[in-house]
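Student: Mind having a look at this structure? Questions to follow.
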Amino acid sequence: MKRHKQLNFIYIVNRLGILLLIVTLLFGCSATSVTTKVEETKPTEISIMVPLHFPHSPSEESIALLEQLTNTKLELSWVPDGIYSDKMNTALTTNSYKKVMFEKYTDYVSVKSSIRTGAFWEIGPYLEQFSNLKQLDQEILSQTAVDGKIYGLYTERQSSRQGIIIRKDWLHNLTMKEPSTIDELYEILYAFTHGDPDQNGEDDTIGLTDRNDLIYGAFKTLSSYFGSPNNWELTDHTFIPEFETDAYLNTMKFMKKLYEEKLINVDFPVTSKEMQRELLIRGTAGVYIGTMTDVQRLYEEAKQFNDKVEFTVINRIEGPNGNRIWSIPNFNGLYLFSKKAIPTEDELLKVLGFFDRTMDADVANLLHYGIEDKHYYIEDDKVILSEELSALRSQEVNALYSLMIADLSNPNVMEVAKQQQLWSYAEQLIEDNNEFLVLDPTVGFESLTYDEHGSELYRIISDATYNYILGAIDENGYKEKIELWRKSGGAQIISEYTADYFN
């Protein structure tokens, strides 16, 4: 009997042990499941340095919705476009990167040495893992490659958006027509300076507003009109830099004339983009040369100071060689991924997953148009961008466009049925620009000397260009600076491009 009780006790203990083990295992599995679920749903934290092309950064509501849709916690550092290049150079110099860094096409050369020394992830091998990223245009990707490897996600842009924004009401006041030649453009700049185009009886206007940028300011577009090549001219056996051509010299002479006659803001070499815009918005200047789609925002802001203001856009200015306009490859910048800030492959995949998600319809249309029924409407499956919501979009949404990758070829971006008249007209002219593009013949070819020293060598030429326009040096002095450029590495750049192209 005693032995039976002992066996009973042992049996009960064993049963309790088994039950305890089962409970432990179940709890452990449940805990693991909960932990895994938390990890899966935990927002990915991403810091991004991004250029701000608008007066306002996006609204908190728009950012919150973006975070919700992409399951992220975003730290967006919005840097005004006018100082972005300096901020990026500082980050490169101090090795103080965000996880994701935007690099402008025009500044890309300055970052290639950092890419080659391992500062950024090579992302090419990972793109096939993502449904949208694997659809990126291979030709554009190859244009961005460094030593044949892909490091960035490109922001897509039309080949050339450059043209002239002009005060239409001033033309009307002076009974002048829109310019179609360089000479006619000069006559308008002179009349806008001396002809009292705003009819206030005061000498308080100038023709052209410009800024401290020889590329996206007025100079390079004017240089196209004069017949300059786009960065390089390809001959039968070598490359010639644009600044050694007669057309470039004639552009400098034209700008020098505008400066001496005060038909342009005379402090343009130190004028920011914001101040350049202000001169047009507030009615001091009547002509702005740059991105044509800027016209809608400039018009809306100018109306705050003068409700009778009118603008129009022009893209065809005939020069010695007919109609010409410089172009870029179909990317205007890249998002690069810091190895220092993103230390593991798993984290890189999560960050790439965010950009892949931004190409889906719901997120892509948020970035492009804003929040439905607040910033835009939909009719017959097409977007309606009404005039009355334009100012609200500018304040709350438009800056988000900088986060869009490959948007022009993304089928998930909804088609616009109706939009602001000036914006629509500017886009028509941008399409028309494709008829007379001037391409850069070095795209797709490499010069290590240019990649490593191109930025510092460019400063020799940009300083010389400004100094010639301002009268600090003459033509002989300018040619001496070209010779300095050649001796400092320019001749080697020519040799390397020539070897790569012809071999």
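Labels for the structure tokens follow display order: chains A, B, ..., residues from 1 in each chain, ligands from 1.
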Please produce, as CSV, a per-residue contact table for stretch 125-206 of chain A versus stretch 385-402 of chain A (criterion: any atom at most 12 Å away, only C-alpha atoms considered), showing the nearest atom pair and its distance in Å to one decimal, sorted by chain then residue number.
Tutor:
```
residue,atom,partner,partner_atom,distance
A:Tyr154,CA,A:Ser402,CA,10.8
A:Thr155,CA,A:Ser402,CA,7.7
A:Glu156,CA,A:Ser402,CA,10.0
A:Arg157,CA,A:Ser402,CA,10.9
```
Student: Include N, CA and C atoms and write out the residues we just selected as a short mmCIF file (atom, residue, chain, number, x, y, z; two decimals), in the first residue's frame.
Tutor:
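Output (result_6.cif):
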```
data_model
loop_
_atom_site.label_atom_id
_atom_site.label_comp_id
_atom_site.auth_asym_id
_atom_site.auth_seq_id
_atom_site.Cartn_x
_atom_site.Cartn_y
_atom_site.Cartn_z
N TYR A 154 18.64 56.61 -58.58
CA TYR A 154 18.60 57.88 -59.29
C TYR A 154 17.25 58.57 -59.19
N THR A 155 17.30 59.90 -59.12
CA THR A 155 16.10 60.71 -59.28
C THR A 155 16.03 61.08 -60.75
N GLU A 156 14.90 60.82 -61.35
CA GLU A 156 14.76 60.92 -62.79
C GLU A 156 14.28 62.31 -63.19
N ARG A 157 14.85 62.86 -64.24
CA ARG A 157 14.46 64.17 -64.73
C ARG A 157 14.47 64.18 -66.26
#
```
Student: Using only C-alpha atoms, determine which residues lie at most 8 Å from stretch 93-105 of chain A, disregarding the query and same-chain residues fewer than 3 positions distant; provide the list as a PyMOL selection string.
Tutor: chain A and resi 46-51+85+88-90+108+111+331-342
Student: Stretch 273-275 of chain A: which residues within 9 Å, counting only C-alpha atoms, same-chain residues fewer than 5 positions away excluded, as a ChimeraX atom specification?
Tutor: /A:55,81-82,209-213,217,280
Student: Might you pull out every residue within 12 Å of A:Gln304, with only C-alpha atoms counted and same-chain residues fewer than 6 positions away left off, and present them as a ChimeraX atom specification?
Tutor: /A:278,281-283,297-298,391
Student: If you keep N, CA and C atoms, can you produce a file of those selected residues as a tab-separated table (two decimals), in the first residue's frame?
Tutor:
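Output below, filename out.tsv:
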```tsv
chain	number	residue	atom	x	y	z
A	278	GLU	N	13.65	86.30	-55.45
A	278	GLU	CA	13.00	87.46	-54.84
A	278	GLU	C	13.00	88.66	-55.77
A	281	ILE	N	10.13	87.96	-58.08
A	281	ILE	CA	8.84	87.93	-57.38
A	281	ILE	C	8.38	89.33	-56.98
A	282	ARG	N	9.32	90.14	-56.52
A	282	ARG	CA	8.96	91.48	-56.01
A	282	ARG	C	8.94	92.54	-57.10
A	283	GLY	N	9.16	92.16	-58.36
A	283	GLY	CA	9.01	93.10	-59.46
A	283	GLY	C	10.22	93.96	-59.74
A	297	ARG	N	5.27	78.42	-59.51
A	297	ARG	CA	5.50	78.87	-58.14
A	297	ARG	C	5.92	80.34	-58.09
A	298	LEU	N	6.75	80.76	-59.04
A	298	LEU	CA	7.15	82.17	-59.09
A	298	LEU	C	5.94	83.08	-59.31
A	391	ALA	N	-1.33	76.80	-53.94
A	391	ALA	CA	-0.54	77.38	-52.85
A	391	ALA	C	-0.40	76.39	-51.70
```
Student: Compile the contact shell of stretch 452-464 of chain A as a list in words: residues with an atom at most 9 Å away, counting only C-alpha atoms, same-chain residues fewer than 3 positions apart removed.
Tutor: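 Surrounding residues, per the criterion: Asp107, Val109, Ser110, Val111, Lys112, Ser113, Leu214, Phe243, Ser447, Leu448, Thr449, Asn467, Tyr468, Ile469, Ala472, Ile473, Gly477, Tyr478, Lys481, Ile482, Leu484, Trp485, Arg486, Ser488, Gly489, Gly490 and Ile493 of chain A.
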Student: Write to file, as a JSON list (two decimals), in the first residue's frame, the residues of the selection just made, with N, CA, C and O atoms.
Tutor:
```json
[["chain", "number", "residue", "atom", "x", "y", "z"],
["A", 107, "ASP", "N", 27.48, 67.57, -58.89],
["A", 107, "ASP", "CA", 28.51, 67.42, -57.86],
["A", 107, "ASP", "C", 29.01, 65.98, -57.74],
["A", 107, "ASP", "O", 29.84, 65.67, -56.87],
["A", 109, "VAL", "N", 30.98, 64.12, -59.31],
["A", 109, "VAL", "CA", 32.40, 63.87, -59.45],
["A", 109, "VAL", "C", 33.11, 63.98, -58.11],
["A", 109, "VAL", "O", 34.08, 63.25, -57.84],
["A", 110, "SER", "N", 32.63, 64.86, -57.23],
["A", 110, "SER", "CA", 33.33, 65.10, -55.96],
["A", 110, "SER", "C", 33.19, 63.95, -54.98],
["A", 110, "SER", "O", 33.95, 63.88, -54.01],
["A", 111, "VAL", "N", 32.24, 63.06, -55.22],
["A", 111, "VAL", "CA", 32.02, 61.98, -54.27],
["A", 111, "VAL", "C", 32.60, 60.65, -54.76],
["A", 111, "VAL", "O", 32.66, 59.68, -54.00],
["A", 112, "LYS", "N", 33.06, 60.60, -56.00],
["A", 112, "LYS", "CA", 33.50, 59.32, -56.56],
["A", 112, "LYS", "C", 34.71, 58.75, -55.83],
["A", 112, "LYS", "O", 34.84, 57.53, -55.70],
["A", 113, "SER", "N", 35.61, 59.61, -55.37],
["A", 113, "SER", "CA", 36.76, 59.10, -54.63],
["A", 113, "SER", "C", 36.32, 58.44, -53.32],
["A", 113, "SER", "O", 36.88, 57.42, -52.90],
["A", 214, "LEU", "N", 27.07, 78.97, -62.43],
["A", 214, "LEU", "CA", 27.32, 79.04, -63.86],
["A", 214, "LEU", "C", 26.62, 77.91, -64.63],
["A", 214, "LEU", "O", 26.61, 77.93, -65.86],
["A", 243, "PHE", "N", 34.96, 75.52, -72.38],
["A", 243, "PHE", "CA", 35.46, 76.87, -72.07],
["A", 243, "PHE", "C", 36.63, 77.29, -72.95],
["A", 243, "PHE", "O", 37.12, 78.40, -72.82],
["A", 447, "SER", "N", 37.33, 59.28, -66.55],
["A", 447, "SER", "CA", 38.65, 59.87, -66.36],
["A", 447, "SER", "C", 38.90, 59.90, -64.86],
["A", 447, "SER", "O", 38.20, 60.61, -64.13],
["A", 448, "LEU", "N", 39.86, 59.13, -64.39],
["A", 448, "LEU", "CA", 40.14, 59.11, -62.96],
["A", 448, "LEU", "C", 40.63, 60.46, -62.47],
["A", 448, "LEU", "O", 40.31, 60.88, -61.35],
["A", 449, "THR", "N", 41.37, 61.16, -63.31],
["A", 449, "THR", "CA", 41.85, 62.49, -62.92],
["A", 449, "THR", "C", 40.68, 63.45, -62.74],
["A", 449, "THR", "O", 40.65, 64.24, -61.79],
["A", 467, "ASN", "N", 35.66, 86.42, -63.23],
["A", 467, "ASN", "CA", 36.60, 87.55, -63.26],
["A", 467, "ASN", "C", 36.62, 88.24, -64.62],
["A", 467, "ASN", "O", 36.78, 89.47, -64.70],
["A", 468, "TYR", "N", 36.44, 87.47, -65.69],
["A", 468, "TYR", "CA", 36.37, 88.09, -67.02],
["A", 468, "TYR", "C", 35.09, 88.93, -67.13],
["A", 468, "TYR", "O", 35.13, 90.07, -67.60],
["A", 469, "ILE", "N", 33.97, 88.38, -66.69],
["A", 469, "ILE", "CA", 32.70, 89.10, -66.78],
["A", 469, "ILE", "C", 32.75, 90.39, -65.97],
["A", 469, "ILE", "O", 32.26, 91.44, -66.40],
["A", 472, "ALA", "N", 37.86, 91.93, -64.17],
["A", 472, "ALA", "CA", 39.08, 91.80, -63.38],
["A", 472, "ALA", "C", 40.24, 91.26, -64.20],
["A", 472, "ALA", "O", 41.40, 91.50, -63.87],
["A", 473, "ILE", "N", 39.92, 90.48, -65.25],
["A", 473, "ILE", "CA", 40.95, 89.99, -66.17],
["A", 473, "ILE", "C", 40.45, 90.20, -67.60],
["A", 473, "ILE", "O", 39.24, 90.29, -67.84],
["A", 477, "GLY", "N", 44.32, 87.22, -69.92],
["A", 477, "GLY", "CA", 44.31, 86.68, -68.56],
["A", 477, "GLY", "C", 43.46, 85.43, -68.45],
["A", 477, "GLY", "O", 43.80, 84.48, -67.73],
["A", 478, "TYR", "N", 42.36, 85.42, -69.19],
["A", 478, "TYR", "CA", 41.49, 84.24, -69.20],
["A", 478, "TYR", "C", 42.22, 83.04, -69.82],
["A", 478, "TYR", "O", 42.16, 81.93, -69.29],
["A", 481, "LYS", "N", 44.52, 81.36, -67.49],
["A", 481, "LYS", "CA", 43.84, 80.47, -66.54],
["A", 481, "LYS", "C", 43.53, 79.12, -67.19],
["A", 481, "LYS", "O", 43.58, 78.07, -66.53],
["A", 482, "ILE", "N", 43.22, 79.13, -68.49],
["A", 482, "ILE", "CA", 43.00, 77.87, -69.20],
["A", 482, "ILE", "C", 44.30, 77.06, -69.22],
["A", 482, "ILE", "O", 44.29, 75.84, -69.01],
["A", 484, "LEU", "N", 46.66, 77.23, -67.03],
["A", 484, "LEU", "CA", 46.83, 76.73, -65.66],
["A", 484, "LEU", "C", 45.99, 75.48, -65.45],
["A", 484, "LEU", "O", 46.46, 74.50, -64.83],
["A", 485, "TRP", "N", 44.77, 75.50, -65.95],
["A", 485, "TRP", "CA", 43.89, 74.33, -65.84],
["A", 485, "TRP", "C", 44.53, 73.12, -66.52],
["A", 485, "TRP", "O", 44.53, 72.01, -65.97],
["A", 486, "ARG", "N", 45.08, 73.32, -67.69],
["A", 486, "ARG", "CA", 45.71, 72.22, -68.42],
["A", 486, "ARG", "C", 46.91, 71.66, -67.66],
["A", 486, "ARG", "O", 47.06, 70.44, -67.51],
["A", 488, "SER", "N", 47.51, 71.82, -64.52],
["A", 488, "SER", "CA", 47.14, 71.30, -63.20],
["A", 488, "SER", "C", 46.41, 69.96, -63.26],
["A", 488, "SER", "O", 46.02, 69.42, -62.22],
["A", 489, "GLY", "N", 46.22, 69.44, -64.45],
["A", 489, "GLY", "CA", 45.54, 68.15, -64.59],
["A", 489, "GLY", "C", 44.55, 68.11, -65.74],
["A", 489, "GLY", "O", 44.09, 67.03, -66.13],
["A", 490, "GLY", "N", 44.20, 69.26, -66.30],
["A", 490, "GLY", "CA", 43.23, 69.29, -67.38],
["A", 490, "GLY", "C", 43.69, 68.52, -68.61],
["A", 490, "GLY", "O", 42.90, 67.80, -69.25],
["A", 493, "ILE", "N", 43.10, 64.93, -68.07],
["A", 493, "ILE", "CA", 41.68, 64.58, -68.21],
["A", 493, "ILE", "C", 41.34, 64.39, -69.69],
["A", 493, "ILE", "O", 40.69, 63.40, -70.06]]
```
Student: Using only C-alpha atoms, which of the listed residues (A:Ser409, A:Pro320, A:Lys303, A:Ile83) sits closest to A:Thr271?
Tutor: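 Of A:Ser409, A:Pro320, A:Lys303, A:Ile83, the one nearest A:Thr271 is A:Ile83, counting only C-alpha atoms.
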Student: Per residue of stretch 124-180 of chain A within 9 Å of stretch 185-194 of chain A, what are the shortest atom pair and its distance in Å to one decimal, counting only C-alpha atoms, with rows by chain and residue number, as a tab-separated table?
Tutor:
```
residue	atom	partner	partner_atom	distance
A:Trp170	CA	A:Phe192	CA	7.5
A:Leu171	CA	A:Ile188	CA	8.1
A:Leu174	CA	A:Ala191	CA	7.8
A:Met176	CA	A:Ile188	CA	7.7
A:Lys177	CA	A:Ile188	CA	8.9
A:Glu178	CA	A:Leu185	CA	8.3
A:Pro179	CA	A:Leu185	CA	5.2
A:Ser180	CA	A:Leu185	CA	7.3
```
Student: Write out the residues from the selection above, keeping N, CA and C atoms, as a PDB file, in the first residue's frame.
Tutor:
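Below you can see out35.pdb, which holds the result:
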```
ATOM      1  N   TRP A 170       4.995  93.088 -68.616  1.00  0.00           N
ATOM      2  CA  TRP A 170       5.981  94.103 -68.965  1.00  0.00           C
ATOM      3  C   TRP A 170       6.167  94.184 -70.479  1.00  0.00           C
ATOM      4  N   LEU A 171       6.183  93.023 -71.143  1.00  0.00           N
ATOM      5  CA  LEU A 171       6.260  93.033 -72.605  1.00  0.00           C
ATOM      6  C   LEU A 171       5.081  93.811 -73.184  1.00  0.00           C
ATOM      7  N   LEU A 174       5.376  97.578 -72.803  1.00  0.00           N
ATOM      8  CA  LEU A 174       6.376  98.187 -73.694  1.00  0.00           C
ATOM      9  C   LEU A 174       6.107  97.869 -75.160  1.00  0.00           C
ATOM     10  N   MET A 176       6.251  95.081 -76.732  1.00  0.00           N
ATOM     11  CA  MET A 176       7.317  94.239 -77.270  1.00  0.00           C
ATOM     12  C   MET A 176       6.812  92.802 -77.381  1.00  0.00           C
ATOM     13  N   LYS A 177       7.369  92.076 -78.330  1.00  0.00           N
ATOM     14  CA  LYS A 177       7.007  90.669 -78.496  1.00  0.00           C
ATOM     15  C   LYS A 177       8.004  89.779 -77.745  1.00  0.00           C
ATOM     16  N   GLU A 178       7.635  88.529 -77.584  1.00  0.00           N
ATOM     17  CA  GLU A 178       8.529  87.576 -76.929  1.00  0.00           C
ATOM     18  C   GLU A 178       9.794  87.404 -77.767  1.00  0.00           C
ATOM     19  N   PRO A 179      10.952  87.271 -77.139  1.00  0.00           N
ATOM     20  CA  PRO A 179      12.203  87.155 -77.895  1.00  0.00           C
ATOM     21  C   PRO A 179      12.333  85.786 -78.563  1.00  0.00           C
ATOM     22  N   SER A 180      12.949  85.766 -79.730  1.00  0.00           N
ATOM     23  CA  SER A 180      13.224  84.500 -80.413  1.00  0.00           C
ATOM     24  C   SER A 180      14.688  84.389 -80.833  1.00  0.00           C
TER      25      SER A 180
END
```
Student: Do you know which residues are at most 12 Å from A:Phe130 counting only C-alpha atoms, after dropping those on the same chain fewer than 5 positions away, and could you put them as a VMD selection string?
Tutor: chain A and resid 123 to 125 135 to 136 349 to 360
Student: Let's have the selection written as a CSV table (one decimal), in the first residue's frame, with all heavy atoms.
Tutor:
```csv
chain,number,residue,atom,x,y,z
A,123,ILE,N,25.1,48.9,-54.3
A,123,ILE,CA,23.7,48.4,-54.1
A,123,ILE,C,23.2,47.5,-55.3
A,123,ILE,O,22.2,46.9,-55.2
A,123,ILE,CB,22.7,49.5,-53.9
A,123,ILE,CG1,22.6,50.4,-55.1
A,123,ILE,CG2,23.0,50.3,-52.6
A,123,ILE,CD1,21.5,51.4,-55.1
A,124,GLY,N,24.0,47.5,-56.4
A,124,GLY,CA,23.6,46.8,-57.6
A,124,GLY,C,23.2,45.4,-57.3
A,124,GLY,O,22.2,44.9,-57.8
A,125,PRO,N,24.0,44.6,-56.6
A,125,PRO,CA,23.6,43.2,-56.4
A,125,PRO,C,22.3,43.0,-55.6
A,125,PRO,O,21.8,41.8,-55.6
A,125,PRO,CB,24.8,42.7,-55.5
A,125,PRO,CG,26.0,43.6,-55.8
A,125,PRO,CD,25.3,44.9,-56.0
A,135,GLN,N,13.1,47.0,-61.6
A,135,GLN,CA,12.6,47.5,-62.8
A,135,GLN,C,13.3,48.8,-63.3
A,135,GLN,O,13.0,49.4,-64.3
A,135,GLN,CB,11.1,47.8,-62.7
A,135,GLN,CG,10.3,46.6,-62.3
A,135,GLN,CD,10.3,45.5,-63.3
A,135,GLN,OE1,10.4,45.7,-64.5
A,135,GLN,NE2,10.1,44.3,-62.8
A,136,LEU,N,14.3,49.3,-62.5
A,136,LEU,CA,14.9,50.6,-62.8
A,136,LEU,C,15.6,50.5,-64.2
A,136,LEU,O,16.1,49.4,-64.6
A,136,LEU,CB,16.0,50.9,-61.7
A,136,LEU,CG,15.4,51.3,-60.4
A,136,LEU,CD1,16.6,51.5,-59.4
A,136,LEU,CD2,14.5,52.5,-60.4
A,349,LEU,N,19.1,46.5,-46.5
A,349,LEU,CA,18.0,45.9,-47.2
A,349,LEU,C,16.7,46.6,-46.7
A,349,LEU,O,15.8,46.8,-47.5
A,349,LEU,CB,17.9,44.4,-47.0
A,349,LEU,CG,19.0,43.6,-47.7
A,349,LEU,CD1,18.9,42.1,-47.3
A,349,LEU,CD2,18.9,43.7,-49.2
A,350,LYS,N,16.6,46.9,-45.4
A,350,LYS,CA,15.4,47.6,-44.9
A,350,LYS,C,15.4,49.0,-45.5
A,350,LYS,O,14.3,49.5,-45.9
A,350,LYS,CB,15.5,47.7,-43.4
A,350,LYS,CG,15.3,46.4,-42.7
A,350,LYS,CD,15.3,46.5,-41.2
A,350,LYS,CE,15.2,45.2,-40.5
A,350,LYS,NZ,15.3,45.3,-39.0
A,351,VAL,N,16.5,49.7,-45.6
A,351,VAL,CA,16.5,51.1,-46.2
A,351,VAL,C,16.2,51.0,-47.7
A,351,VAL,O,15.4,51.8,-48.2
A,351,VAL,CB,17.9,51.7,-45.9
A,351,VAL,CG1,17.9,53.1,-46.6
A,351,VAL,CG2,18.1,51.9,-44.5
A,352,LEU,N,16.7,50.1,-48.4
A,352,LEU,CA,16.4,49.9,-49.8
A,352,LEU,C,14.9,49.6,-49.9
A,352,LEU,O,14.2,50.0,-50.9
A,352,LEU,CB,17.2,48.8,-50.4
A,352,LEU,CG,18.7,49.1,-50.7
A,352,LEU,CD1,19.4,47.9,-51.2
A,352,LEU,CD2,18.8,50.3,-51.6
A,353,GLY,N,14.4,48.8,-49.0
A,353,GLY,CA,12.9,48.5,-49.0
A,353,GLY,C,12.1,49.7,-48.9
A,353,GLY,O,11.0,49.7,-49.5
A,354,PHE,N,12.5,50.7,-48.1
A,354,PHE,CA,11.8,52.0,-48.1
A,354,PHE,C,11.7,52.6,-49.4
A,354,PHE,O,10.6,53.0,-49.9
A,354,PHE,CB,12.4,52.9,-47.1
A,354,PHE,CG,12.0,54.4,-47.2
A,354,PHE,CD1,10.7,54.8,-46.8
A,354,PHE,CD2,12.8,55.3,-47.8
A,354,PHE,CE1,10.3,56.1,-47.0
A,354,PHE,CE2,12.4,56.6,-48.0
A,354,PHE,CZ,11.2,57.0,-47.6
A,355,PHE,N,12.8,52.7,-50.2
A,355,PHE,CA,12.8,53.3,-51.5
A,355,PHE,C,12.0,52.5,-52.5
A,355,PHE,O,11.3,53.0,-53.3
A,355,PHE,CB,14.2,53.6,-52.0
A,355,PHE,CG,14.8,54.8,-51.3
A,355,PHE,CD1,15.6,54.7,-50.2
A,355,PHE,CD2,14.6,56.0,-51.9
A,355,PHE,CE1,16.2,55.8,-49.6
A,355,PHE,CE2,15.1,57.2,-51.3
A,355,PHE,CZ,16.0,57.0,-50.2
A,356,ASP,N,12.0,51.2,-52.3
A,356,ASP,CA,11.2,50.3,-53.2
A,356,ASP,C,9.7,50.6,-52.9
A,356,ASP,O,8.9,50.7,-53.9
A,356,ASP,CB,11.5,48.8,-52.9
A,356,ASP,CG,10.7,47.9,-53.8
A,356,ASP,OD1,11.1,47.8,-55.0
A,356,ASP,OD2,9.8,47.3,-53.3
A,357,ARG,N,9.4,50.8,-51.7
A,357,ARG,CA,8.0,51.0,-51.3
A,357,ARG,C,7.5,52.4,-51.8
A,357,ARG,O,6.3,52.6,-52.1
A,357,ARG,CB,7.9,51.0,-49.7
A,357,ARG,CG,6.5,51.2,-49.2
A,357,ARG,CD,5.6,50.0,-49.4
A,357,ARG,NE,4.3,50.3,-48.8
A,357,ARG,CZ,3.2,50.8,-49.4
A,357,ARG,NH1,3.3,51.2,-50.7
A,357,ARG,NH2,2.1,51.0,-48.8
A,358,THR,N,8.4,53.4,-51.9
A,358,THR,CA,8.0,54.7,-52.4
A,358,THR,C,7.6,54.7,-53.9
A,358,THR,O,7.0,55.6,-54.3
A,358,THR,CB,9.1,55.7,-52.3
A,358,THR,OG1,10.2,55.4,-53.1
A,358,THR,CG2,9.6,55.9,-50.8
A,359,MET,N,7.9,53.6,-54.6
A,359,MET,CA,7.5,53.5,-56.0
A,359,MET,C,6.1,52.8,-56.1
A,359,MET,O,5.6,52.8,-57.2
A,359,MET,CB,8.6,52.7,-56.8
A,359,MET,CG,9.9,53.4,-56.8
A,359,MET,SD,11.1,52.5,-57.8
A,359,MET,CE,10.5,52.7,-59.5
A,360,ASP,N,5.5,52.3,-55.0
A,360,ASP,CA,4.2,51.8,-55.1
A,360,ASP,C,3.2,52.9,-55.3
A,360,ASP,O,3.5,54.1,-54.9
A,360,ASP,CB,3.8,51.0,-53.8
A,360,ASP,CG,4.6,49.7,-53.8
A,360,ASP,OD1,5.0,49.1,-54.8
A,360,ASP,OD2,4.8,49.2,-52.6
```
Student: Please return, as a VMD selection string, all residues of stretch 387-470 of chain A that DSSP assigns to strand (DSSP E or B) on the basis of the backbone.
Tutor: chain A and resid 416 to 418 437 to 438
Student: Let me see the file: selected residues, all heavy atoms, as an mmCIF file, in the first residue's frame.
Tutor:
```
data_model
loop_
_atom_site.group_PDB
_atom_site.id
_atom_site.type_symbol
_atom_site.label_atom_id
_atom_site.label_comp_id
_atom_site.auth_asym_id
_atom_site.auth_seq_id
_atom_site.Cartn_x
_atom_site.Cartn_y
_atom_site.Cartn_z
ATOM 1 N N VAL A 416 -1.925 63.062 -64.956
ATOM 2 C CA VAL A 416 -2.609 64.317 -64.650
ATOM 3 C C VAL A 416 -3.545 64.668 -65.795
ATOM 4 O O VAL A 416 -3.141 64.709 -66.960
ATOM 5 C CB VAL A 416 -1.600 65.460 -64.432
ATOM 6 C CG1 VAL A 416 -2.327 66.782 -64.230
ATOM 7 C CG2 VAL A 416 -0.718 65.151 -63.228
ATOM 8 N N ALA A 417 -4.813 64.918 -65.459
ATOM 9 C CA ALA A 417 -5.785 65.326 -66.465
ATOM 10 C C ALA A 417 -5.842 66.831 -66.597
ATOM 11 O O ALA A 417 -6.024 67.381 -67.681
ATOM 12 C CB ALA A 417 -7.172 64.778 -66.117
ATOM 13 N N LYS A 418 -5.651 67.511 -65.470
ATOM 14 C CA LYS A 418 -5.756 68.967 -65.474
ATOM 15 C C LYS A 418 -4.819 69.531 -64.423
ATOM 16 O O LYS A 418 -4.776 69.045 -63.296
ATOM 17 C CB LYS A 418 -7.193 69.395 -65.172
ATOM 18 C CG LYS A 418 -7.419 70.900 -65.148
ATOM 19 C CD LYS A 418 -8.867 71.227 -64.791
ATOM 20 C CE LYS A 418 -9.087 72.732 -64.717
ATOM 21 N NZ LYS A 418 -10.478 73.067 -64.318
ATOM 22 N N LEU A 437 18.397 69.061 -78.392
ATOM 23 C CA LEU A 437 19.282 68.838 -77.249
ATOM 24 C C LEU A 437 20.747 68.803 -77.672
ATOM 25 O O LEU A 437 21.090 68.302 -78.745
ATOM 26 C CB LEU A 437 18.952 67.512 -76.564
ATOM 27 C CG LEU A 437 17.580 67.378 -75.900
ATOM 28 C CD1 LEU A 437 17.392 65.944 -75.415
ATOM 29 C CD2 LEU A 437 17.445 68.363 -74.744
ATOM 30 N N VAL A 438 21.605 69.324 -76.792
ATOM 31 C CA VAL A 438 23.044 69.193 -76.959
ATOM 32 C C VAL A 438 23.532 68.247 -75.863
ATOM 33 O O VAL A 438 23.428 68.546 -74.679
ATOM 34 C CB VAL A 438 23.759 70.554 -76.838
ATOM 35 C CG1 VAL A 438 25.255 70.377 -77.052
ATOM 36 C CG2 VAL A 438 23.184 71.550 -77.840
#
```
